[in-house]
>>> print(open('target37.cif').read())   # mmCIF, C-alpha atoms
data_input
loop_
_atom_site.label_atom_id
_atom_site.label_comp_id
_atom_site.auth_asym_id
_atom_site.auth_seq_id
_atom_site.Cartn_x
_atom_site.Cartn_y
_atom_site.Cartn_z
CA MET A 1 0.00 0.00 0.00
CA ILE A 2 1.40 3.35 -1.01
CA ARG A 3 1.18 6.02 1.69
CA SER A 4 1.07 9.71 1.01
CA PRO A 5 3.89 11.97 2.34
CA ARG A 6 1.46 13.32 4.95
CA SER A 7 0.68 9.81 6.17
CA ARG A 8 4.37 8.99 6.48
CA ILE A 9 4.95 12.12 8.54
CA VAL A 10 2.03 11.29 10.82
CA LEU A 11 3.30 7.74 11.30
CA ALA A 12 6.81 8.98 12.03
CA LEU A 13 5.53 11.46 14.59
CA ALA A 14 3.34 8.79 16.17
CA ALA A 15 6.32 6.42 16.41
CA LEU A 16 8.46 9.19 17.91
CA ALA A 17 5.75 10.05 20.44
CA PHE A 18 5.38 6.39 21.40
CA ALA A 19 9.16 6.04 21.84
CA ALA A 20 9.27 9.21 23.97
CA PHE A 21 6.35 7.98 26.07
CA ALA A 22 8.02 4.59 26.58
CA TRP A 23 11.33 6.23 27.48
CA GLU A 24 9.54 8.56 29.91
CA ILE A 25 7.96 5.56 31.68
CA VAL A 26 11.33 3.77 31.88
CA LEU A 27 13.03 6.85 33.38
CA ARG A 28 10.22 7.44 35.88
CA VAL A 29 10.37 3.86 37.11
CA LEU A 30 14.10 3.10 36.99
CA ALA A 31 15.98 6.41 37.36
CA PRO A 32 13.82 9.42 38.30
CA VAL A 33 15.52 12.77 38.93
CA ALA A 34 14.27 15.79 40.87
CA GLU A 35 12.99 18.90 39.18
CA PRO A 36 15.83 21.40 38.60
CA THR A 37 15.79 24.26 41.08
CA PRO A 38 15.23 27.61 39.33
CA GLY A 39 18.35 29.78 39.46
CA GLY A 40 16.24 32.84 40.26
CA ALA A 41 15.34 31.39 43.67
CA ARG A 42 18.84 31.94 44.98
CA HIS A 43 21.45 34.68 45.15
CA VAL A 44 23.49 36.15 42.33
CA GLY A 45 24.61 33.38 39.98
CA ALA A 46 23.94 30.57 42.45
CA SER A 47 24.04 27.00 41.16
CA ASN A 48 24.12 24.87 44.32
CA PRO A 49 20.79 23.06 44.80
CA TYR A 50 21.46 22.63 48.53
CA LEU A 51 21.60 26.37 49.24
CA ARG A 52 19.07 29.09 48.55
CA PHE A 53 21.75 31.79 48.64
CA GLU A 54 25.39 31.87 47.62
CA TYR A 55 27.74 34.05 45.62
CA PRO A 56 29.26 32.65 42.43
CA ARG A 57 32.95 32.07 42.03
CA GLY A 58 34.91 35.00 40.66
CA TYR A 59 32.17 37.55 41.27
CA ALA A 60 33.18 41.22 41.19
CA ALA A 61 31.22 44.39 41.80
CA GLU A 62 32.17 48.04 42.02
CA THR A 63 29.94 49.62 44.63
CA GLU A 64 29.15 53.24 45.35
CA ALA A 65 27.07 54.68 48.18
CA GLU A 66 25.10 57.86 47.59
CA PRO A 67 26.24 61.00 49.45
CA GLY A 68 25.09 61.57 53.01
CA LEU A 69 25.58 58.11 54.50
CA ALA A 70 27.93 58.29 57.46
CA GLY A 71 31.32 56.65 57.10
CA ILE A 72 31.09 55.28 53.56
CA GLU A 73 32.09 57.19 50.48
CA GLY A 74 33.64 56.74 47.09
CA ARG A 75 33.78 53.59 45.01
CA ASN A 76 34.72 50.27 46.54
CA SER A 77 35.40 46.74 45.32
CA PHE A 78 33.49 43.63 46.33
CA THR A 79 35.00 40.39 44.99
CA THR A 80 34.80 36.67 45.69
CA ASN A 81 37.45 33.99 45.31
CA SER A 82 37.26 30.66 43.50
CA TYR A 83 34.88 29.34 46.20
CA GLY A 84 32.51 32.30 46.10
CA PHE A 85 33.81 33.70 49.42
CA ARG A 86 35.13 37.17 50.08
CA GLY A 87 38.80 37.00 51.02
CA ASP A 88 42.15 35.59 49.92
CA SER A 89 42.48 32.55 47.71
CA LEU A 90 41.36 29.43 49.55
CA LEU A 91 43.62 26.40 49.11
CA VAL A 92 42.65 22.74 49.38
CA PRO A 93 44.10 20.93 51.20
CA LYS A 94 44.56 23.60 53.83
CA PRO A 95 48.19 24.72 54.24
CA LEU A 96 49.75 23.54 57.48
CA ARG A 97 50.34 27.04 58.87
CA GLU A 98 46.87 28.37 58.05
CA TYR A 99 44.36 29.01 60.82
CA ARG A 100 41.12 29.11 58.83
CA VAL A 101 38.10 31.16 59.93
CA PHE A 102 34.76 31.68 58.18
CA VAL A 103 32.44 34.58 59.05
CA VAL A 104 28.81 33.64 58.36
CA GLY A 105 25.90 36.06 58.47
CA GLY A 106 23.61 38.38 56.56
CA SER A 107 24.25 41.82 55.09
CA THR A 108 25.75 43.19 58.31
CA ALA A 109 28.54 40.62 58.05
CA GLU A 110 28.67 40.95 54.25
CA CYS A 111 29.65 44.66 54.31
CA PHE A 112 28.66 44.96 50.66
CA TYR A 113 29.29 48.72 50.29
CA LEU A 114 32.70 48.55 51.96
CA ASP A 115 35.89 47.74 50.11
CA ASP A 116 37.49 44.29 50.29
CA ALA A 117 40.26 45.86 52.36
CA ASP A 118 37.81 47.27 54.91
CA ASP A 119 35.20 44.57 55.56
CA LEU A 120 35.08 43.11 59.06
CA ALA A 121 36.59 39.76 58.01
CA ARG A 122 39.68 41.45 56.57
CA VAL A 123 40.03 43.58 59.68
CA MET A 124 39.71 40.44 61.79
CA GLN A 125 42.33 38.64 59.71
CA ASN A 126 44.82 41.49 60.03
CA GLU A 127 44.27 41.74 63.78
CA LEU A 128 44.66 38.00 64.34
CA ALA A 129 47.86 38.07 62.29
CA THR A 130 49.34 40.60 64.71
CA ARG A 131 48.30 38.49 67.71
CA SER A 132 49.36 35.03 66.52
CA GLY A 133 52.83 33.55 66.66
CA PRO A 134 54.97 32.64 63.62
CA ALA A 135 53.54 29.11 63.57
CA LEU A 136 50.23 30.36 62.19
CA ALA A 137 48.95 32.35 59.24
CA PRO A 138 45.33 33.34 60.04
CA LYS A 139 42.96 33.56 57.09
CA VAL A 140 39.42 34.88 57.54
CA TYR A 141 36.87 34.39 54.75
CA ASN A 142 33.65 36.39 54.65
CA VAL A 143 30.63 34.23 53.77
CA GLY A 144 28.06 36.87 54.69
CA ILE A 145 25.16 37.16 52.22
CA SER A 146 22.44 39.78 52.26
CA GLY A 147 19.04 38.49 53.37
CA THR A 148 20.20 35.21 54.89
CA ALA A 149 19.07 34.05 58.33
CA SER A 150 19.93 31.27 60.75
CA ASP A 151 18.40 28.45 58.69
CA ASP A 152 20.54 29.55 55.72
CA HIS A 153 23.57 29.60 58.02
CA VAL A 154 22.89 25.99 59.02
CA ALA A 155 22.84 25.00 55.34
CA MET A 156 25.93 27.03 54.47
CA ILE A 157 27.99 25.57 57.31
CA ALA A 158 26.85 21.98 56.74
CA GLN A 159 26.97 21.99 52.93
CA ARG A 160 29.80 24.35 52.07
CA LEU A 161 32.15 24.96 54.97
CA VAL A 162 32.85 21.99 57.23
CA HIS A 163 34.65 20.00 54.52
CA LEU A 164 37.01 22.97 53.96
CA GLU A 165 38.72 22.30 57.32
CA PRO A 166 37.72 25.39 59.30
CA ASP A 167 39.43 26.00 62.62
CA ALA A 168 36.72 28.45 63.66
CA ILE A 169 33.38 29.76 62.42
CA VAL A 170 31.85 33.08 63.41
CA VAL A 171 28.06 33.46 63.16
CA LEU A 172 26.67 37.01 63.23
CA ALA A 173 22.88 36.64 63.16
CA GLY A 174 19.57 37.85 64.53
CA ALA A 175 18.31 40.77 62.45
CA ASN A 176 17.14 38.76 59.44
CA ASP A 177 15.50 36.16 61.67
CA MET A 178 13.55 38.99 63.26
CA ARG A 179 12.64 40.48 59.88
CA ARG A 180 11.42 37.12 58.58
CA ALA A 181 9.35 36.53 61.70
CA ILE A 182 7.62 39.89 61.21
CA GLN A 183 6.64 38.70 57.72
CA GLY A 184 5.26 35.40 59.02
CA PHE A 185 8.15 33.14 58.06
CA ASP A 186 7.84 29.54 59.25
CA TYR A 187 11.12 27.61 59.59
CA LEU A 188 9.32 24.29 59.27
CA HIS A 189 7.36 25.11 56.12
CA TYR A 190 8.97 28.20 54.55
CA GLU A 191 5.53 29.71 54.20
CA THR A 192 6.72 33.08 52.93
CA TYR A 193 9.22 31.53 50.53
CA PRO A 194 7.14 29.18 48.31
CA PRO A 195 8.61 27.88 45.05
CA PRO A 196 8.17 30.36 42.20
CA ARG A 197 4.81 29.92 40.45
CA ARG A 198 5.12 28.73 36.85
CA SER A 199 2.63 28.74 34.03
CA TRP A 200 0.73 25.49 33.46
CA TYR A 201 2.73 24.49 30.40
CA LYS A 202 6.06 24.95 32.22
CA ARG A 203 4.79 22.83 35.11
CA LEU A 204 3.70 20.19 32.61
CA LEU A 205 7.02 20.21 30.79
CA LEU A 206 9.06 20.03 34.01
CA SER A 207 7.03 17.04 35.17
CA SER A 208 8.75 15.10 32.37
CA GLN A 209 11.88 13.14 33.24
CA ILE A 210 13.18 13.72 29.70
CA VAL A 211 12.79 17.49 29.95
CA ARG A 212 14.40 17.49 33.40
CA ARG A 213 17.45 15.70 32.03
CA LEU A 214 17.70 18.13 29.15
CA ALA A 215 17.60 21.01 31.66
CA TYR A 216 20.41 19.46 33.70
CA ALA A 217 22.44 18.83 30.52
CA ARG A 218 22.04 22.47 29.53
CA ARG A 219 23.36 23.58 32.91
CA HIS A 220 26.40 21.35 32.60
CA ALA A 221 27.12 22.82 29.17
CA ALA A 222 27.16 26.36 30.55
CA PRO A 223 30.53 28.16 30.91
CA ASP A 224 32.48 27.42 34.08
CA PRO A 225 31.77 30.41 36.36
CA ALA A 226 35.35 30.22 37.64
CA SER A 227 36.53 31.31 34.20
CA VAL A 228 34.20 34.33 34.03
CA LEU A 229 34.84 37.43 36.13
CA GLU A 230 31.66 39.49 36.22
CA THR A 231 31.98 43.13 37.09
CA ARG A 232 28.96 45.24 38.00
CA THR A 233 28.72 48.84 39.07
CA LEU A 234 26.11 49.03 41.82
CA LYS A 235 24.99 52.26 43.47
CA SER A 236 23.04 52.24 46.71
CA ASP A 237 19.50 53.63 46.94
CA TYR A 238 19.16 54.11 50.68
CA ALA A 239 17.89 57.68 50.32
CA ARG A 240 14.78 56.42 48.53
CA LYS A 241 14.19 53.75 51.18
CA ILE A 242 14.65 56.24 54.01
CA ALA A 243 12.18 58.65 52.41
CA LEU A 244 9.67 55.85 51.90
CA GLN A 245 9.77 54.88 55.57
CA LYS A 246 9.42 58.50 56.70
CA ALA A 247 6.25 58.78 54.62
CA THR A 248 4.77 55.65 56.21
CA PRO A 249 2.74 55.98 59.45
CA GLU A 250 4.10 54.44 62.65
CA THR A 251 2.19 51.79 64.56
CA ASP A 252 2.14 50.89 68.25
CA ALA A 253 1.68 47.21 67.38
CA ASP A 254 4.15 44.65 68.63
CA VAL A 255 6.23 42.59 66.22
CA ARG A 256 6.31 38.82 65.92
CA VAL A 257 9.54 36.99 66.79
CA ASP A 258 10.27 33.28 66.80
CA PRO A 259 12.79 32.63 69.60
CA ALA A 260 12.11 28.87 69.58
CA GLY A 261 12.91 28.51 65.89
CA TYR A 262 15.97 30.72 66.26
CA ARG A 263 17.21 28.69 69.23
CA ALA A 264 16.77 25.43 67.30
CA ASN A 265 18.85 26.74 64.41
CA LEU A 266 21.60 28.02 66.72
CA ARG A 267 21.69 24.66 68.49
CA SER A 268 22.00 22.94 65.11
CA ILE A 269 24.97 25.15 64.23
CA ALA A 270 26.55 24.40 67.60
CA GLY A 271 26.07 20.67 67.06
CA ILE A 272 27.65 20.75 63.60
CA ALA A 273 30.65 22.71 64.89
CA ARG A 274 31.11 20.37 67.85
CA ALA A 275 30.88 17.27 65.65
CA HIS A 276 33.64 18.60 63.40
CA GLY A 277 35.89 19.94 66.17
CA VAL A 278 35.45 23.56 65.07
CA ASP A 279 35.59 26.54 67.44
CA LEU A 280 32.34 28.48 67.19
CA VAL A 281 31.88 32.17 67.94
CA PHE A 282 28.37 33.58 68.24
CA ALA A 283 28.10 37.33 67.64
CA THR A 284 24.98 39.20 68.75
CA HIS A 285 23.44 41.65 66.29
CA PRO A 286 23.80 45.40 66.98
CA SER A 287 21.54 48.19 65.77
CA THR A 288 21.00 51.94 66.09
CA TRP A 289 17.35 51.56 67.09
CA ASN A 290 16.31 53.49 70.18
CA SER A 291 19.74 55.11 70.47
CA THR A 292 20.43 57.32 73.46
CA VAL A 293 23.93 58.32 72.33
CA ASP A 294 22.93 59.47 68.83
CA PRO A 295 19.21 60.26 68.49
CA GLY A 296 19.89 61.59 64.97
CA ALA A 297 20.58 58.04 63.80
CA ARG A 298 16.83 57.50 63.39
CA GLU A 299 16.88 59.89 60.42
CA PHE A 300 18.72 57.18 58.46
CA HIS A 301 16.46 54.25 59.36
CA TRP A 302 14.61 52.41 56.61
CA MET A 303 14.30 48.85 57.96
CA ARG A 304 11.38 49.37 60.35
CA MET A 305 8.74 49.40 57.62
CA TYR A 306 6.64 46.34 56.75
CA ASP A 307 3.30 46.05 54.97
CA ASP A 308 2.70 49.80 54.76
CA VAL A 309 3.37 50.49 58.44
CA THR A 310 6.49 51.47 60.35
CA TYR A 311 7.16 49.89 63.73
CA ARG A 312 8.52 52.07 66.50
CA GLU A 313 12.19 51.96 67.41
CA ASN A 314 11.67 50.64 70.91
CA THR A 315 9.49 47.83 69.52
CA MET A 316 12.11 46.79 66.99
CA GLU A 317 14.91 47.09 69.51
CA GLY A 318 12.98 44.91 71.97
CA ALA A 319 12.36 42.23 69.33
CA LEU A 320 16.03 42.11 68.33
CA ALA A 321 17.07 42.08 71.99
CA ARG A 322 14.96 38.94 72.55
CA LEU A 323 16.85 37.11 69.80
CA ASN A 324 20.19 38.38 71.08
CA ASP A 325 19.25 37.01 74.50
CA VAL A 326 18.55 33.63 72.88
CA MET A 327 22.03 33.65 71.34
CA ARG A 328 23.62 34.57 74.67
CA ALA A 329 21.74 31.76 76.39
CA VAL A 330 22.73 29.13 73.80
CA ALA A 331 26.36 30.26 73.98
CA LYS A 332 26.31 29.86 77.75
CA GLU A 333 24.52 26.50 77.67
CA ASP A 334 26.92 25.04 75.08
CA SER A 335 30.08 26.75 76.44
CA LEU A 336 30.63 28.65 73.20
CA LEU A 337 32.60 31.82 72.58
CA LEU A 338 30.38 34.91 72.56
CA CYS A 339 31.19 38.25 70.97
CA ASP A 340 28.50 40.60 72.24
CA LEU A 341 28.61 43.19 69.47
CA ALA A 342 25.16 44.44 70.44
CA ARG A 343 26.63 45.70 73.73
CA ALA A 344 30.15 46.47 72.55
CA ILE A 345 29.44 48.87 69.67
CA PRO A 346 27.65 52.17 70.44
CA LYS A 347 24.39 52.95 68.64
CA SER A 348 25.92 55.79 66.71
CA ARG A 349 26.48 56.96 63.15
CA ASP A 350 30.14 56.84 64.06
CA TYR A 351 29.80 53.08 63.45
CA PHE A 352 26.63 52.58 61.35
CA TYR A 353 25.24 54.25 58.24
CA ASP A 354 21.64 53.07 58.74
CA ASP A 355 19.64 50.78 61.06
CA PHE A 356 22.41 48.22 61.55
CA HIS A 357 24.88 48.15 58.65
CA PHE A 358 28.48 48.94 59.52
CA ASN A 359 30.40 51.81 58.00
CA ARG A 360 34.19 51.61 57.87
CA ALA A 361 34.65 52.45 61.54
CA GLY A 362 31.93 49.99 62.56
CA ALA A 363 33.42 47.15 60.51
CA SER A 364 36.81 47.94 62.04
CA ALA A 365 35.37 47.90 65.56
CA ALA A 366 33.51 44.63 64.92
CA GLY A 367 36.56 42.99 63.34
CA HIS A 368 38.80 43.95 66.25
CA GLU A 369 36.23 42.77 68.79
CA LEU A 370 35.81 39.41 67.04
CA ALA A 371 39.59 39.02 66.87
CA ARG A 372 39.87 39.79 70.58
CA VAL A 373 37.36 37.06 71.45
CA LEU A 374 38.95 34.44 69.19
CA ALA A 375 42.59 35.38 69.92
CA PRO A 376 43.04 33.01 72.92
CA ARG A 377 42.08 30.02 70.74
CA VAL A 378 44.43 31.19 68.00
CA LEU A 379 47.29 31.60 70.45
CA ALA A 380 46.60 28.15 71.91
CA ALA A 381 46.65 26.63 68.43
CA SER A 382 49.88 28.50 67.66
CA ALA A 383 51.53 27.21 70.84
CA ALA A 384 50.37 23.65 70.14
CA ARG A 385 51.70 23.67 66.60
CA THR A 386 54.98 25.22 67.71
CA ALA A 387 55.39 22.48 70.33
CA LYS A 388 54.81 19.85 67.65
CA GLY A 389 57.23 21.50 65.29
CA GLU A 390 54.53 22.06 62.66
CA TRP A 391 56.14 24.87 60.72
CA GLY A 392 55.35 23.71 57.20
CA GLU A 393 54.26 26.06 54.49
#
>>> encode(input="target37.cif", output="structure tokens")
Amino acid sequence: MIRSPRSRIVLALAALAFAAFAWEIVLRVLAPVAEPTPGGARHVGASNPYLRFEYPRGYAAETEAEPGLAGIEGRNSFTTNSYGFRGDSLLVPKPLREYRVFVVGGSTAECFYLDDADDLARVMQNELATRSGPALAPKVYNVGISGTASDDHVAMIAQRLVHLEPDAIVVLAGANDMRRAIQGFDYLHYETYPPPRRSWYKRLLLSSQIVRRLAYARRHAAPDPASVLETRTLKSDYARKIALQKATPETDADVRVDPAGYRANLRSIAGIARAHGVDLVFATHPSTWNSTVDPGAREFHWMRMYDDVTYRENTMEGALARLNDVMRAVAKEDSLLLCDLARAIPKSRDYFYDDFHFNRAGASAAGHELARVLAPRVLAASAARTAKGEWGE
């Protein structure tokens, strides 16, 4: 029987569809794979499915703060190394003389609008270098990422840091946990962070094991981010945010905090550090809210506004204080090092340029305070290595 060209095309398409259907069934039964995580759900250039937020390798930005913010001016460089961390090159395996420290936190630790030479981790590294003996070469890497909270810190430490042989980890947290709680965040269910909604045809396509494999193959074919140095010029827009908050009415309402969830995450971090023999430093979160030494600091606040209302300074300060008290309690219960930045750094524009982000002087003060707290452990490690004759490069 002679078939027309149209019939042959229809038969070929039917055979192809049947083969695809059969292959889909085989893959679903024998070797299913998870749906690829959308890149847009994580931080700049992130590709790690275990973390919601991370910086890419070889990231570079030129930052510039608008005039009027205390203690930050001019253009500054923000760069990451081949592991996506701010700091010197990180070598694996760890050199014998290196005392390796990671600083984990949100934007306060990140110091995005400060230069690489001025962020608190670099200050800490320089200070530890002056305090340690010749047996050690302290290296401090900044893993702070804007917007991250204690559950993200658990993931970062467990998935990205412990296998890199840290000697110590610093966790500066509290403010973003408070901010998430105000917005109804649930650590058990991530209620305010649902997966991005897709159109029906995208959901249908991504239900296919064949399409999922094609998506993974496309990712693997992408350029190695380590070979691409991205440079962005980013200018701050705090003036707009400050003006927006000033135009928003204040409320006497209290704010929601979740001390139980925060405690659980801190205890998880403590357990991970203890299991891997890593010194852990908890750092409480400072702010300029309700300042008695610099009442003018309130003119630069913008982080008290949520859902078209602005919470009062004493309310916000009280909420953050509750979480800082949780951190102090966990540090005491687990015999951890505590750097009480919330009590050590004055609530002044001499140290902050807004609600709680450090300017150069603030990052310097925080870095020196963290170094002071960790210095006894560094000196003990230096003495131990000297006694063992571990002077290798």
>>> resolve_selection(input="target37.cif", expression="the PyMOL selection byres ((chain A and resi 244-258) around 7)", output="JSON, numbers by chain")
{"A": [178, 181, 182, 240, 241, 242, 243, 259, 260, 261, 262, 302, 305, 308, 309, 310, 311, 312, 315, 319]}
>>> residues_around(input="target37.cif", residues="A:Ala168", least_positions_apart="3", cutoff="8 Å", atoms="only C-alpha atoms", output="count of residues only")
7
>>> resolve_selection(input="target37.cif", expression="the PyMOL selection byres ((chain A and resi 350-365) around 6)", output="PyMOL selection string")
chain A and resi 69-72+108+119-120+123+287-288+300-301+348-349+366-368
>>> atom_distance(input="target37.cif", atom1="atom CA of A:Ala239", atom2="atom CA of A:Ala342")
25.2 Å
>>> residues_around(input="target37.cif", residues="stretch 264-266 of chain A", least_positions_apart="4", cutoff="9 Å", atoms="only C-alpha atoms", output="number ranges by chain")
A: 150-151, 153-154, 259-260, 270-271, 282, 326-327, 330-331
>>> closest_residue(input="target37.cif", among="A:Val29, A:Ala371, A:Ala321, A:Ala22", to="A:Val140", atoms="only C-alpha atoms")
A:Ala371
>>> atom_distance(input="target37.cif", atom1="atom CA of A:Arg8", atom2="atom CA of A:Phe21")
19.7 Å
>>> closest_residue(input="target37.cif", among="A:Gly318, A:Pro32, A:Pro295, A:Gly87", to="A:Asp118", atoms="all atoms listed in the file")
A:Gly87
>>> closest_residue(input="target37.cif", among="A:Thr386, A:Met156, A:Val143, A:Leu164", to="A:Pro93", atoms="only C-alpha atoms")
A:Leu164
>>> resolve_selection(input="target37.cif", expression="the PyMOL selection byres ((chain A and resi 161) around 12)", output="VMD selection string")
chain A and resid 83 to 85 90 100 to 104 141 to 143 153 to 160 162 to 170 269 272 to 273 276 278
>>> closest_residue(input="target37.cif", among="A:Gln125, A:Gly105, A:Ser146, A:Arg57", to="A:Ser82", atoms="only C-alpha atoms")
A:Arg57
>>> atom_distance(input="target37.cif", atom1="atom CA of A:Asp115", atom2="atom CA of A:Glu369")
19.3 Å
>>> residues_around(input="target37.cif", residues="A:Ala283", least_positions_apart="3", cutoff="6 Å", atoms="all atoms listed in the file", output="ChimeraX atom specification")
/A:171-172,338-340
>>> axis_aligned_box(input="target37.cif", around="stretch 315-326 of chain A", padding_each_side="4 Å", output="AutoDock Vina command-line options")
--center_x 14.8 --center_y 40.7 --center_z 70.7 --size_x 18.7 --size_y 22.2 --size_z 15.5
>>> closest_residue(input="target37.cif", among="A:Tyr238, A:Phe78, A:Tyr59, A:Phe185", to="A:Glu110", atoms="all atoms listed in the file")
A:Phe78
>>> decode(input="target37.cif", residues="stretch 327-340 of chain A", atoms="N, CA and C atoms", output="JSON list (two decimals), in the first residue's frame")
[["chain", "number", "residue", "atom", "x", "y", "z"],
["A", 327, "MET", "N", 20.65, 34.00, 71.72],
["A", 327, "MET", "CA", 22.03, 33.65, 71.34],
["A", 327, "MET", "C", 22.93, 33.60, 72.56],
["A", 328, "ARG", "N", 22.80, 34.57, 73.46],
["A", 328, "ARG", "CA", 23.62, 34.57, 74.67],
["A", 328, "ARG", "C", 23.36, 33.32, 75.50],
["A", 329, "ALA", "N", 22.10, 32.93, 75.59],
["A", 329, "ALA", "CA", 21.74, 31.76, 76.39],
["A", 329, "ALA", "C", 22.31, 30.48, 75.78],
["A", 330, "VAL", "N", 22.20, 30.33, 74.46],
["A", 330, "VAL", "CA", 22.73, 29.13, 73.80],
["A", 330, "VAL", "C", 24.25, 29.08, 73.95],
["A", 331, "ALA", "N", 24.91, 30.22, 73.81],
["A", 331, "ALA", "CA", 26.36, 30.26, 73.98],
["A", 331, "ALA", "C", 26.77, 29.81, 75.39],
["A", 332, "LYS", "N", 26.00, 30.25, 76.37],
["A", 332, "LYS", "CA", 26.31, 29.86, 77.75],
["A", 332, "LYS", "C", 26.03, 28.38, 77.98],
["A", 333, "GLU", "N", 24.89, 27.90, 77.47],
["A", 333, "GLU", "CA", 24.52, 26.50, 77.67],
["A", 333, "GLU", "C", 25.52, 25.55, 77.00],
["A", 334, "ASP", "N", 26.02, 25.92, 75.84],
["A", 334, "ASP", "CA", 26.92, 25.04, 75.08],
["A", 334, "ASP", "C", 28.38, 25.41, 75.24],
["A", 335, "SER", "N", 28.69, 26.33, 76.17],
["A", 335, "SER", "CA", 30.08, 26.75, 76.44],
["A", 335, "SER", "C", 30.77, 27.23, 75.17],
["A", 336, "LEU", "N", 30.09, 28.11, 74.45],
["A", 336, "LEU", "CA", 30.63, 28.65, 73.20],
["A", 336, "LEU", "C", 31.20, 30.04, 73.44],
["A", 337, "LEU", "N", 32.08, 30.46, 72.54],
["A", 337, "LEU", "CA", 32.60, 31.82, 72.58],
["A", 337, "LEU", "C", 31.49, 32.79, 72.17],
["A", 338, "LEU", "N", 31.39, 33.91, 72.86],
["A", 338, "LEU", "CA", 30.38, 34.91, 72.56],
["A", 338, "LEU", "C", 31.05, 36.26, 72.36],
["A", 339, "CYS", "N", 30.76, 36.88, 71.22],
["A", 339, "CYS", "CA", 31.19, 38.25, 70.97],
["A", 339, "CYS", "C", 29.94, 39.11, 70.98],
["A", 340, "ASP", "N", 29.75, 39.87, 72.04],
["A", 340, "ASP", "CA", 28.50, 40.60, 72.24],
["A", 340, "ASP", "C", 28.58, 41.96, 71.56]]
